[in-house]
Structures are given as C-alpha cells and as structure tokens.
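Contents: one structure, followed by commentary.
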Amino acid sequence: MALYCILHLGGVLGFVATIAGMLITGSTYEGGLNDFFINTSQSYSLLVAMLCGIIVSGSVSCSVSLCTHNIKTTQDVEDEWAKTISIDNPINSFRLIYEVELSIGKVDTVITVKTMEIIFKRAKIYAVVGCLGSIVVFLVILPAVALSYGVLDFETFSTWFRFFQIYCFVCTVIVIVFPPVEEGIQIIRRIRKNKAMSQSSKGL
C-alpha cells in the first residue's frame with residue numbers, strides 16, 4: 001500500500017500544486033477569491049497553475065523513479081534488458097522488425113543494451129531534441145504569444161482557436177494514420193522479399 005502511494009505521489013502533488021498555484025495567483029487580483037471564477041480563470045492564474053503542476057509532478061515523479069528502482073549496476077541493466085527480450089513475440093520478432101538496423105553493424109547472437117544504444121543512437125538524439133523542442137513550444141513560446149495579445153478580440157480569438165484546431169487535427173491524423181501505413185509498408189516489403197527469396201531458391 002505504501003509503495004502504491006509513493007508511485008502516485010507525483011500525480012497527487014502535481015494536482016495539489018496546480019490548485020495552489022491557481023488559488024494563490026487568483027488571490028492577487030482585485031477582489032481576491034471572493035470573485036473566485038473570474039480571478040482563477042485569468043490568464044496568469046491558469047499559466048501559473050499549469051507550470052506548477054507540470055514542474056512539481058514531473059520533478060517528483062522523476063525523483064521517485066530514481067529513488068525506488070533497483071537498477072544500480074551494469075549487470076542490473078542487462079538483467080532488465082533480458083526480461084524485455086524474454087517477452088519478445090516469436091511471430092513478429094524484434095529481430096525481423098529491426099532487421100535493417102541490426103544488419104548495419106556486427107551483432108552477436110545475444111543482443112545487449114550497449115548494442116541497441118549504438119545502433120539507435122541517432123534515433124535517441126532525434127527523440128530528445130523533439131521532446132525538448134515540444135516542451136519549449138508548449139511551455140514558453142505559445143504562452144508568451146498568448147500573453148502578448150492581452151485581451152483577445154473575437155477575430156484574434158477565432159484565429160488562435162482555429163490554429164489549435166488545425167494542429168490537433170494534424171496530430172490526430174499522424175497518430176491514427178501513420179502506424180497502420182507503416183505496418184502496411186513493412187508487410188509489402190516482407191512479401192516482396194519472401195517472393196524474391198522464393199524465386200532465387202527455385203532458380204537454384
């Protein structure tokens with residue numbers, strides 16, 4: 001029970017920090033919390049609440065993860081990786097999925113964490129850069145742009161709202177369409193490769 005509470009500590013404290021940030025910032029406006037709905041829905045109240053929630057929940061969750069995990073040595077890392085390998089799907093093995101990547105360098109029979117880190121180093125860099133870029137856009141650029149407008153008139157608000165509608169639609173299309181398309185491409189490539197191997201074996 002105690003471990004369960006600790007694992008959810010980040011989410012709970014993030015929620016508390018969000019409410020506290022919104023109430024504290026709302027209380028600084030004229031009328032304080034007596035005008036609860038108006039003052040807690042101000043731009044700065046919502047911005048502070050969002051930042052407090054993200055920073056506190058992210059920091060606490062990362063700290064809890066670092067303090068509670070049992071991976072201390074290189075051998076522990078390899079043991080955890082072995083658990084991942086043991087649940088590999090034999091019908092659609094990761095060796096087949098990443099056949100091209102694994103063929104780039106010398107790969108032993110047993111694939112270790114170090115091997116995967118070397119092969120997917122560039123992909124890791126792309127992921128980190130993309131993640132940091134998204135954080136900067138959503139936590140710095142977009143709030144700064146919104147605050148620079150002050151009070152939005154109807155036309156400006158409509159433009160702002162339409163931008164986010166288009167953005168959400170594009171992201172939805174990417175999330176829904178890209179995975180099955182990628183799977184279809186992999187299936188077609190596998191079929192073509194199997195046909196080529198079958199024809200070559202017949203020729204022999």
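The chains in the structure tokens are called A, B, ... from first to last as shown; in each chain the residues are counted from 1, and the ligands are counted from 1 in the order shown.
For A:Asp79, the set of protein, DNA and RNA residues having any atom at most 12 Å away, when counting only C-alpha atoms and skipping those fewer than 6 positions along the same chain, is Asn70, Ile71, Lys72, Thr73, Ile85, Ser86, Thr112 and Val113 of chain A.
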Could you write out the selected residues, including C-alpha atoms, as a short mmCIF file (atom, residue, chain, number, x, y, z; two decimals), in the first residue's frame?
data_model
loop_
_atom_site.label_atom_id
_atom_site.label_comp_id
_atom_site.auth_asym_id
_atom_site.auth_seq_id
_atom_site.Cartn_x
_atom_site.Cartn_y
_atom_site.Cartn_z
CA ASN A 70 16.65 -1.38 -8.27
CA ILE A 71 18.89 -0.82 -11.28
CA LYS A 72 22.22 0.05 -9.72
CA THR A 73 24.89 -1.66 -11.80
CA ILE A 85 13.98 -9.97 -24.68
CA SER A 86 12.22 -12.88 -22.96
CA THR A 112 22.80 -6.35 -25.36
CA VAL A 113 21.71 -2.90 -24.24
#
Rounded to one decimal, what separation in Å do you get between atom CA of A:Gly130 and atom CA of A:Phe178?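 Separation of atom CA of A:Gly130 and atom CA of A:Phe178: 17.5 Å.
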What gap, in Å, lies between atom CA of A:Ser61 and atom CA of A:Trp81?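 One can read the atom CA of A:Ser61 to atom CA of A:Trp81 distance as 22.3 Å.
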Quick one: everything within 9 Å of A:Ser63, counting only C-alpha atoms, minus sequence neighbours fewer than 5 positions away in the same chain. Send it as a PyMOL selection string. chain A and resi 10+58+68
Taking 3 positions as the minimum chain separation for residues in the same chain, which residues sit within 12 Å of stretch 142-158 of chain A when counting only C-alpha atoms? Answer as a ChimeraX atom specification. /A:42-48,50-51,134-139,161-165
Can you pull out every residue within 12 Å of A:Cys62, counting only C-alpha atoms, but drop anything in the same chain fewer than 3 positions away, and send it as a PyMOL selection string? chain A and resi 6-11+54-59+65-69
